[in-house]
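Enquirer: This one is data.cif, mmCIF, C-alpha atoms.
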```
data_target
#
loop_
_atom_site.label_atom_id
_atom_site.label_comp_id
_atom_site.auth_asym_id
_atom_site.auth_seq_id
_atom_site.Cartn_x
_atom_site.Cartn_y
_atom_site.Cartn_z
CA MET A 15 267.83 113.01 2.28
CA SER A 16 268.63 111.78 5.78
CA ILE A 17 272.09 112.50 7.13
CA LEU A 18 272.94 108.80 7.53
CA LYS A 19 272.04 108.21 3.90
CA LYS A 20 274.24 111.14 2.83
CA ILE A 21 277.12 109.72 4.86
CA MET A 22 276.57 106.25 3.34
CA THR A 23 276.47 107.69 -0.18
CA ALA A 24 279.67 109.61 0.45
CA VAL A 25 281.39 106.48 1.79
CA ARG A 26 280.26 104.43 -1.22
CA GLY A 27 281.39 107.21 -3.53
CA GLY A 28 284.90 106.82 -2.17
CA ALA A 29 284.96 110.13 -0.31
CA ARG A 30 286.26 108.20 2.65
CA GLU A 31 289.82 108.36 1.36
CA MET A 32 292.24 109.35 4.06
CA GLY A 33 292.18 113.03 4.82
CA GLU A 34 289.02 113.71 2.85
CA LEU A 35 286.01 114.45 4.99
CA VAL A 36 282.50 113.21 4.28
CA VAL A 37 281.03 116.20 6.04
CA ASP A 38 282.19 119.52 4.71
CA ALA A 39 282.17 122.62 6.88
CA ASN A 40 279.56 124.18 4.56
CA ALA A 41 276.98 121.55 5.41
CA VAL A 42 277.37 122.35 9.10
CA ARG A 43 277.07 126.10 8.45
CA ILE A 44 273.96 125.62 6.29
CA PHE A 45 272.32 123.54 9.01
CA GLU A 46 273.17 126.07 11.69
CA GLN A 47 271.67 128.82 9.50
CA GLU A 48 268.51 126.77 8.93
CA ILE A 49 268.12 126.24 12.66
CA ARG A 50 268.55 129.97 13.33
CA GLU A 51 265.90 130.80 10.68
CA ALA A 52 263.49 128.23 12.08
CA GLN A 53 263.99 129.70 15.55
CA THR A 54 263.15 133.19 14.19
CA HIS A 55 259.97 131.77 12.61
CA LEU A 56 259.11 130.10 15.88
CA ARG A 57 259.52 133.32 17.86
CA LYS A 58 257.29 135.21 15.37
CA ALA A 59 254.66 132.45 15.37
CA LYS A 60 254.59 132.45 19.18
CA TYR A 61 254.19 136.26 19.24
CA ASP A 62 251.36 136.09 16.67
CA LEU A 63 249.75 133.30 18.66
CA THR A 64 249.59 135.33 21.88
CA ASP A 65 248.29 138.32 19.92
CA VAL A 66 245.49 136.35 18.25
CA MET A 67 244.66 134.53 21.51
CA ALA A 68 244.25 137.91 23.21
CA LYS A 69 241.96 139.09 20.40
CA ALA A 70 239.88 135.89 20.60
CA MET A 71 239.52 136.37 24.36
CA GLN A 72 238.48 139.97 23.78
CA ALA A 73 235.78 138.83 21.32
CA SER A 74 234.53 136.25 23.86
CA ARG A 75 234.22 138.95 26.52
CA GLN A 76 232.38 141.17 24.03
CA ILE A 77 229.95 138.34 23.22
CA GLN A 78 229.28 137.79 26.92
CA SER A 79 228.61 141.45 27.53
CA LEU A 80 226.31 141.67 24.45
CA HIS A 81 224.34 138.65 25.74
CA HIS A 82 224.00 140.38 29.06
CA GLU A 83 222.88 143.64 27.42
CA ILE A 84 220.33 141.82 25.22
CA ASP A 85 218.90 139.99 28.27
CA GLU A 86 218.67 143.30 30.11
CA HIS A 87 216.89 145.03 27.21
CA GLU A 88 214.49 142.13 26.76
CA GLY A 89 213.51 142.77 30.41
CA PHE A 90 212.96 146.46 29.54
CA VAL A 91 210.69 145.50 26.61
CA VAL A 92 208.55 143.29 28.89
CA ARG A 93 208.24 146.15 31.38
CA ALA A 94 207.36 148.70 28.65
CA ILE A 95 204.62 146.33 27.34
CA GLU A 96 203.34 145.90 30.91
CA GLN A 97 203.14 149.69 31.22
CA GLY A 98 201.31 149.78 27.83
CA ASP A 99 204.05 151.90 26.25
CA GLU A 100 204.22 150.27 22.81
CA ALA A 101 206.41 153.05 21.33
CA LEU A 102 209.05 152.59 24.04
CA ALA A 103 208.85 148.83 23.66
CA LEU A 104 209.48 149.15 19.93
CA SER A 105 212.47 151.47 20.31
CA ILE A 106 213.96 149.09 22.90
CA ALA A 107 213.33 146.21 20.48
CA GLU A 108 215.18 148.16 17.77
CA LYS A 109 218.11 148.55 20.17
CA ILE A 110 217.97 144.76 20.81
CA SER A 111 218.03 144.14 17.07
CA ARG A 112 221.21 146.28 16.74
CA LEU A 113 222.75 144.46 19.68
CA GLU A 114 221.98 141.12 18.02
CA THR A 115 223.63 142.28 14.81
CA ASP A 116 226.71 143.23 16.87
CA LEU A 117 226.58 139.84 18.59
CA GLU A 118 226.53 138.05 15.25
CA GLU A 119 229.52 140.08 14.05
CA GLN A 120 231.46 139.37 17.26
CA ARG A 121 230.68 135.67 16.95
CA GLU A 122 232.11 135.65 13.44
CA VAL A 123 235.20 137.52 14.68
CA GLN A 124 235.62 135.00 17.51
CA VAL A 125 235.32 132.01 15.15
CA THR A 126 237.92 133.54 12.84
CA PHE A 127 240.33 134.20 15.72
CA SER A 128 239.81 130.73 17.18
CA GLY A 129 240.62 129.26 13.77
CA GLN A 130 243.77 131.36 13.62
CA VAL A 131 244.76 130.23 17.13
CA GLU A 132 244.49 126.58 16.05
CA ARG A 133 246.45 127.24 12.88
CA LEU A 134 249.22 129.10 14.74
CA ARG A 135 249.37 126.44 17.47
CA SER A 136 249.94 123.72 14.90
CA LEU A 137 252.49 125.93 13.15
CA VAL A 138 254.36 126.43 16.45
CA SER A 139 254.46 122.71 17.22
CA LYS A 140 255.45 121.92 13.62
CA THR A 141 258.29 124.45 13.78
CA GLU A 142 259.41 123.10 17.16
CA ARG A 143 259.49 119.57 15.73
CA GLN A 144 261.45 120.83 12.74
CA ILE A 145 264.01 122.56 14.97
CA ARG A 146 264.45 119.40 17.05
CA GLU A 147 264.95 117.40 13.85
CA PHE A 148 267.49 119.93 12.52
CA GLU A 149 269.34 119.87 15.84
CA ARG A 150 269.44 116.06 15.81
CA GLN A 151 270.83 116.08 12.27
CA LEU A 152 273.32 118.82 13.16
CA SER A 153 274.59 116.87 16.14
CA MET A 154 274.94 113.82 13.87
CA LEU A 155 276.84 115.90 11.31
CA LYS A 156 279.13 117.40 13.93
CA THR A 157 279.76 114.02 15.56
CA THR A 158 280.50 112.45 12.18
CA GLU A 159 282.83 115.30 11.34
CA SER A 160 284.82 115.11 14.57
CA VAL A 161 284.81 111.31 14.73
CA GLN A 162 285.99 111.17 11.15
CA LYS A 163 288.81 113.62 11.84
CA ALA A 164 289.86 111.53 14.83
CA SER A 165 289.63 108.21 12.96
CA ASN A 166 291.55 109.63 10.04
CA ALA A 167 294.24 110.94 12.39
CA ILE A 168 294.47 107.48 13.96
CA ALA A 169 294.46 105.75 10.57
CA ASP A 170 297.15 108.13 9.27
CA ASN A 171 299.15 107.04 12.24
CA PHE A 172 298.60 103.36 11.40
CA ALA A 173 299.93 104.20 7.96
CA ALA A 174 302.91 106.18 9.31
CA SER A 175 303.88 103.39 11.66
CA SER A 176 303.11 100.61 9.19
CA SER A 177 306.79 99.67 9.11
CA LYS A 178 306.48 98.88 12.81
CA MET A 179 303.05 97.42 12.29
CA HIS A 180 302.76 93.70 12.51
CA SER A 181 300.78 91.68 10.06
CA ALA A 182 297.78 89.93 11.53
CA ARG A 183 299.68 86.63 11.29
CA ASP A 184 302.63 88.04 13.29
CA SER A 185 300.28 89.53 15.87
CA LEU A 186 298.45 86.23 16.15
CA ALA A 187 301.69 84.31 16.61
CA ARG A 188 302.71 86.65 19.43
CA ILE A 189 299.30 86.53 21.06
CA LYS A 190 299.29 82.73 20.93
CA GLN A 191 302.82 82.58 22.29
CA ARG A 192 301.79 84.81 25.17
CA GLN A 193 298.71 82.69 25.82
CA GLN A 194 300.89 79.56 25.81
CA GLU A 195 303.33 81.20 28.25
CA LYS A 196 300.47 82.11 30.56
CA PHE A 197 299.11 78.58 30.30
CA ASP A 198 302.54 77.09 31.03
CA GLN A 199 302.95 79.39 34.03
CA MET A 200 299.58 78.35 35.35
CA SER A 201 300.25 74.65 34.93
CA ALA A 202 303.67 75.08 36.55
CA ALA A 203 302.01 76.81 39.46
CA GLU A 204 299.49 74.00 39.68
CA THR A 205 302.22 71.36 39.65
CA VAL A 206 304.12 73.13 42.43
CA GLN A 207 300.93 73.37 44.43
CA SER A 208 300.02 69.71 44.01
CA GLU A 209 303.58 68.64 44.86
CA THR A 210 303.41 70.66 48.05
CA MET A 211 300.12 68.99 48.88
CA ASP A 212 301.63 65.53 48.20
CA GLU A 213 304.55 66.28 50.48
CA SER A 214 302.36 67.40 53.32
CA LEU A 215 300.24 64.25 52.97
CA THR A 216 303.36 62.06 53.04
CA ASP A 217 304.52 63.89 56.16
CA LYS A 218 301.20 63.22 57.85
CA LEU A 219 301.24 59.54 56.86
CA ARG A 220 304.80 59.21 58.12
CA SER A 221 304.07 60.80 61.48
CA ALA A 222 301.05 58.53 61.82
CA GLY A 223 303.42 55.60 61.33
CA MET A 224 301.52 54.44 58.27
CA ILE A 225 304.54 54.66 56.00
CA GLN A 226 308.16 54.23 56.87
CA ASP A 227 311.26 55.68 55.29
CA LYS A 228 313.28 52.94 53.74
CA THR A 229 316.43 54.98 54.08
CA SER A 230 316.26 55.94 57.77
CA ALA A 231 319.45 55.34 59.83
CA LYS A 232 317.65 52.69 61.87
CA GLN A 233 316.66 50.76 58.77
CA VAL A 234 320.17 50.98 57.27
CA LEU A 235 321.63 49.66 60.51
CA ALA A 236 319.01 46.87 60.67
CA ARG A 237 319.79 45.88 57.08
CA ILE A 238 323.56 45.74 57.67
CA LYS A 239 323.07 43.73 60.86
CA ALA A 240 320.81 41.31 59.06
CA GLY A 241 323.47 40.93 56.35
CA GLN A 242 326.15 40.07 58.91
CA GLY A 243 324.01 37.48 60.61
CA MET B 24 290.06 116.89 28.19
CA ASN B 25 292.85 116.61 25.61
CA THR B 26 295.28 113.87 24.69
CA GLN B 27 298.24 115.51 26.49
CA ASP B 28 296.33 115.63 29.79
CA LEU B 29 295.24 112.09 29.30
CA ALA B 30 298.79 110.92 28.52
CA LEU B 31 300.02 112.52 31.76
CA ARG B 32 297.27 110.96 33.82
CA LEU B 33 297.77 107.52 32.30
CA THR B 34 301.53 107.74 32.85
CA ASP B 35 301.01 108.91 36.44
CA LEU B 36 298.94 105.81 37.16
CA SER B 37 301.28 103.05 38.22
CA GLY B 38 298.91 100.61 36.55
CA TYR B 39 295.32 99.52 36.49
CA ALA B 40 293.85 96.06 37.07
CA GLY B 41 297.31 94.54 36.82
CA TYR B 42 298.18 96.23 33.52
CA GLN B 43 300.80 98.92 32.85
CA PHE B 44 300.22 101.52 30.15
CA ASP B 45 302.88 102.81 27.80
CA CYS B 46 301.73 106.12 26.30
CA GLN B 47 303.20 107.81 23.26
CA PRO B 48 301.62 111.10 22.22
CA ILE B 49 301.58 111.55 18.45
CA PRO B 50 301.58 115.24 17.56
CA GLY B 51 299.38 116.55 14.76
CA GLU B 52 296.33 118.68 14.05
CA THR B 53 294.19 116.10 15.85
CA GLY B 54 296.04 114.72 18.88
CA VAL B 55 296.45 110.96 18.95
CA LEU B 56 297.85 108.79 21.72
CA GLN B 57 299.38 105.42 21.07
CA ILE B 58 298.90 103.25 24.14
CA THR B 59 300.37 99.84 24.70
CA VAL B 60 298.47 97.87 27.32
CA GLY B 61 300.68 95.46 29.27
CA ASP B 62 302.83 93.45 26.91
CA TYR B 63 300.38 93.59 23.97
CA GLU B 64 302.96 95.52 21.93
CA GLU B 65 301.73 94.14 18.61
CA ILE B 66 298.22 95.56 19.01
CA PRO B 67 298.56 99.08 20.45
CA ALA B 68 295.41 101.09 21.07
CA PHE B 69 295.08 104.54 19.50
CA LEU B 70 293.07 107.18 21.28
CA SER B 71 291.72 110.52 20.14
CA VAL B 72 289.41 113.06 21.78
CA THR B 73 286.59 114.88 19.94
CA ASP B 74 284.09 117.48 21.24
CA SER B 75 281.85 114.85 22.75
CA GLN B 76 283.67 111.52 22.63
CA ILE B 77 286.89 109.72 23.37
CA ILE B 78 287.57 107.22 20.61
CA CYS B 79 289.85 104.24 21.16
CA MET B 80 290.81 102.03 18.25
CA THR B 81 292.98 99.02 17.58
CA HIS B 82 294.05 97.91 14.13
CA LEU B 83 293.36 94.28 13.30
CA PHE B 84 294.41 93.72 9.71
CA ASN B 85 294.30 95.08 6.18
CA ASP B 86 291.96 94.05 3.40
CA HIS B 87 294.78 92.30 1.55
CA GLU B 88 295.37 90.01 4.53
CA VAL B 89 291.85 88.59 4.26
CA ILE B 90 291.27 85.39 2.26
CA THR B 91 289.14 86.76 -0.59
CA ALA B 92 286.82 83.74 -0.86
CA LYS B 93 285.99 83.92 2.85
CA ARG B 94 285.52 87.69 3.07
CA THR B 95 281.69 87.72 3.15
CA MET B 96 281.63 85.03 5.83
CA MET B 97 284.10 87.01 7.89
CA LEU B 98 282.06 90.23 7.59
CA GLU B 99 278.95 88.37 8.68
CA GLU B 100 280.77 86.88 11.64
CA MET B 101 282.05 90.33 12.62
CA LEU B 102 278.48 91.66 12.62
CA GLU B 103 277.35 88.77 14.76
CA LEU B 104 280.24 89.24 17.18
CA ASN B 105 279.57 92.97 17.60
CA ILE B 106 277.01 92.48 20.36
CA PRO B 107 278.69 89.70 22.37
CA MET B 108 282.02 91.59 22.32
CA PRO B 109 281.94 93.76 25.45
CA LEU B 110 282.34 97.55 24.98
CA SER B 111 283.96 97.30 21.53
CA ALA B 112 282.70 97.01 17.96
CA PHE B 113 284.22 96.15 14.59
CA SER B 114 284.63 98.83 11.98
CA LYS B 115 286.54 99.59 8.82
CA ILE B 116 288.50 102.70 7.93
CA GLY B 117 289.63 102.73 4.34
CA ASN B 118 291.14 99.29 3.84
CA ARG B 119 291.83 98.63 7.52
CA TYR B 120 289.68 96.55 9.82
CA VAL B 121 289.62 97.83 13.39
CA VAL B 122 287.92 97.30 16.71
CA PHE B 123 286.91 100.47 18.49
CA GLY B 124 285.14 101.76 21.52
CA SER B 125 283.94 105.24 22.35
CA LEU B 126 283.35 106.93 25.68
CA SER B 127 281.91 110.23 26.83
CA VAL B 128 284.50 113.02 27.24
CA ASN B 129 283.33 113.17 30.85
CA SER B 130 284.49 109.61 31.59
CA SER B 131 286.70 109.00 34.61
CA ILE B 132 290.32 107.91 34.19
CA GLU B 133 289.30 104.48 35.57
CA ASP B 134 286.64 104.15 32.85
CA ILE B 135 289.23 105.04 30.21
CA CYS B 136 291.70 102.48 31.62
CA HIS B 137 288.95 99.87 31.67
CA GLU B 138 288.09 100.69 28.05
CA LEU B 139 291.73 100.45 26.91
CA ILE B 140 292.22 97.08 28.61
CA THR B 141 288.93 95.69 27.30
CA LEU B 142 289.66 96.96 23.80
CA THR B 143 293.11 95.37 23.75
CA GLU B 144 291.84 92.05 25.11
CA ASN B 145 288.97 92.14 22.61
CA ALA B 146 291.38 92.84 19.75
CA ALA B 147 293.58 89.88 20.78
CA GLU B 148 290.55 87.64 21.04
CA ALA B 149 289.06 88.89 17.77
CA LEU B 150 292.32 88.10 15.95
CA THR B 151 292.25 84.58 17.40
CA VAL B 152 288.61 84.07 16.44
CA LEU B 153 289.04 85.48 12.92
CA GLU B 154 292.28 83.57 12.27
CA GLU B 155 290.65 81.22 9.75
CA TYR B 156 289.87 84.19 7.46
CA ILE B 157 293.42 85.50 7.40
CA ARG B 158 296.07 84.60 4.85
#
```
Give the structure from the file, written as structure tokens.

Expert:
Amino acid sequence: MSILKKIMTAVRGGAREMGELVVDANAVRIFEQEIREAQTHLRKAKYDLTDVMAKAMQASRQIQSLHHEIDEHEGFVVRAIEQGDEALALSIAEKISRLETDLEEQREVQVTFSGQVERLRSLVSKTERQIREFERQLSMLKTTESVQKASNAIADNFAASSSKMHSARDSLARIKQRQQEKFDQMSAAETVQSETMDESLTDKLRSAGMIQDKTSAKQVLARIKAGQG
Amino acid sequence: MNTQDLALRLTDLSGYAGYQFDCQPIPGETGVLQITVGDYEEIPAFLSVTDSQIICMTHLFNDHEVITAKRTMMLEEMLELNIPMPLSAFSKIGNRYVVFGSLSVNSSIEDICHELITLTENAAEALTVLEEYIR
């Protein structure tokens, strides 16, 4: 079963109660042991592989040298026939026949070793894949274990401070109040800014003589004079 | 890195991105820090350090605070919000809904500050968005 599925099953089974861990220490130890065993297998398979590869190479060299020897002796037979020495030719031919038997044997040995090399190679890569998979699962187990410890510690703390803890409604009210305050501050700042801009515009208009203060001393005096007249 | 070191470093910082941090170490077998970001006192972030990760979490609400008839809709919405919500994700521990974020233990103090601020802002926003599902 995959680790995620085990975790899910444990959560559904209610093992996620506070303080109870989904991943027990045994599971981690078993995984670590399995990884160590797989690594031992891998080391042995790699050793066997080099051994068999060496033997296969040895057989190949033997085959080459037998071919060479057979070619050489076939030359001797031709020369013996040319010299009319039938008896010598026959004994050389017998030697060739023995060499060919040896060659056949060596070929069989080489085929067997090559087969073993293939088998061991696939075993090595299979074991390597298995180790990687174990390590991935172990890291998932360990992460789950430590994350769960941490989340439980945090959750225990939620529980311990639940008297101080606000309900979602309280929290929301506070958050909204704070947002409103920020909004009010921003609109106040905007108002101040636009008022300042208004004032500066009025100043400019005044200095350009486009608007006049109704309450300037000159105007007051003019109004009073007009009233007297 | 452990929670005590982190508490010291966060306290030493006069602030980050305009936010002040208030750190309270909570002793126990697994060290936990309670961190208030700025004036978000009602939604403190809780931080814990494991072998490979720093986990930050903020509590949203309990199961019993959810309107039962709308629960499935809420869960679906949470799943859909998981990707758009920057750096944080929804989760559930026991009967508590939380938002959480995790960082590598090799993260810089700036990354951790950024995470804490984002988490807190996300939690505030998530509460606002999920308001209609809450009693």

Enquirer: Output as a list in words the set of chain A residues within 8 Å of chain B, with distances taken over all atoms listed in the file.

Expert: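 So the residues of chain A near chain B are Arg30, Glu31, Met32, Thr157, Ser160, Val161, Lys163, Ala164, Ser165, Asn166, Ala167, Ile168, Ala169, Phe172, Met179, His180, Ser181, Ala182, Arg183, Ser185, Leu186, Arg188 and Ile189 of chain A.
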
Enquirer: Quick one: pull the distance between atom CA of Met67 of chain A and atom CA of Ser128 of chain A, Å, one decimal.

Expert: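 Separation between atom CA of Met67 of chain A and atom CA of Ser128 of chain A: 7.5 Å.
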
Enquirer: Which residue out of A:Ser111, A:Ser153, A:Ser208, A:Gln162 has the minimum interatomic distance to Val42 of chain A when all atoms listed in the file are used?

Expert: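 Checking each of A:Ser111, A:Ser153, A:Ser208, A:Gln162 against Val42 of chain A, counting all atoms listed in the file, the winner is A:Ser153.
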
Enquirer: Interatomic distance between atom CA of Pro109 of chain B and atom CA of Cys136 of chain B?

Expert: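 So the answer is 14.5 Å.
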
Enquirer: Would you kindly return, as an mmCIF file with C-alpha atoms, keeping the file's coordinate frame, each protein, DNA or RNA residue with an atom no farther than 8 Å from any atom of Met101 of chain B, considering all atoms listed in the file and excluding same-chain residues fewer than 4 positions away?

Expert:
```cif
data_model
loop_
_atom_site.group_PDB
_atom_site.id
_atom_site.type_symbol
_atom_site.label_atom_id
_atom_site.label_comp_id
_atom_site.auth_asym_id
_atom_site.auth_seq_id
_atom_site.Cartn_x
_atom_site.Cartn_y
_atom_site.Cartn_z
ATOM 1 C CA MET B 97 284.100 87.010 7.890
ATOM 2 C CA ASN B 105 279.570 92.970 17.600
ATOM 3 C CA PHE B 113 284.220 96.150 14.590
#
```

Enquirer: Which residue out of A:Ser105, A:Gln191, A:Gln76, A:Gln53 has the minimum interatomic distance to Lys140 of chain A when all atoms listed in the file are used?

Expert: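 Under the stated criterion, the closest residue is A:Gln53.
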
Enquirer: Just want the 12 Å neighbourhood of Thr54 of chain A, counted on all atoms listed in the file, with same-chain residues fewer than 4 positions away dropped. Output as a list in words.

Expert: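 Skipping anything fewer than 4 positions along the chain leaves Gln47, Glu48, Ile49, Arg50, Lys58, Ala59, Lys60, Tyr61, Val138, Thr141, Glu142 and Ile145 of chain A.
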
Enquirer: I'd like to know which of B:Leu29, B:Leu102, B:Leu110, B:Val122 is closest to His137 of chain B, using all atoms listed in the file.

Expert: B:Leu110

Enquirer: What does the structure give for the distance between atom CA of Lys69 of chain A and atom CA of Ile110 of chain A, in Å to one decimal?

Expert: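 Between these atoms lies a distance of 24.7 Å.
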
Enquirer: Centre and edge lengths, as lines of an AutoDock Vina configuration file, for the axis-aligned box enclosing every listed atom of segment 119-126 of chain B with 3 Å of padding on each of the six sides, in Å to one decimal?

Expert:
```
center_x = 287.6
center_y = 101.7
center_z = 16.6
size_x = 14.5
size_y = 16.4
size_z = 24.2
```

Enquirer: Excluding same-chain residues fewer than 2 positions from Glu133 of chain B, what lies within 12 Å of it counting only C-alpha atoms, as a PyMOL selection string?

Expert: chain B and resi 29+32-33+36+38-40+126+129-131+135-140

Enquirer: What's around Thr126 of chain A at 12 Å? Count only C-alpha atoms, leave out sequence neighbours fewer than 3 positions away in its own chain, and write the answer as a list of chain:residue names.

Expert: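 Surrounding residues, per the criterion: A:Val66, A:Met67, A:Lys69, A:Ala70, A:Met71, A:Ala73, A:Ser74, A:Glu119, A:Gln120, A:Arg121, A:Glu122, A:Val123, A:Gly129, A:Gln130, A:Val131, A:Glu132, A:Arg133.
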
Enquirer: Smallest atom-to-atom distance to Thr64 of chain A: which of A:Leu134, A:Glu86, A:Gly241, A:Thr115, using all atoms listed in the file?

Expert: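 Smallest distance to Thr64 of chain A is found for A:Leu134.
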
Enquirer: Mind checking which residues fall within 10 Å of Thr34 of chain B, counting all atoms listed in the file, ignoring those fewer than 4 positions away in the same chain, and posting them as an NGL selection string?

Expert: :B and (28-30 or 38 or 43-47)
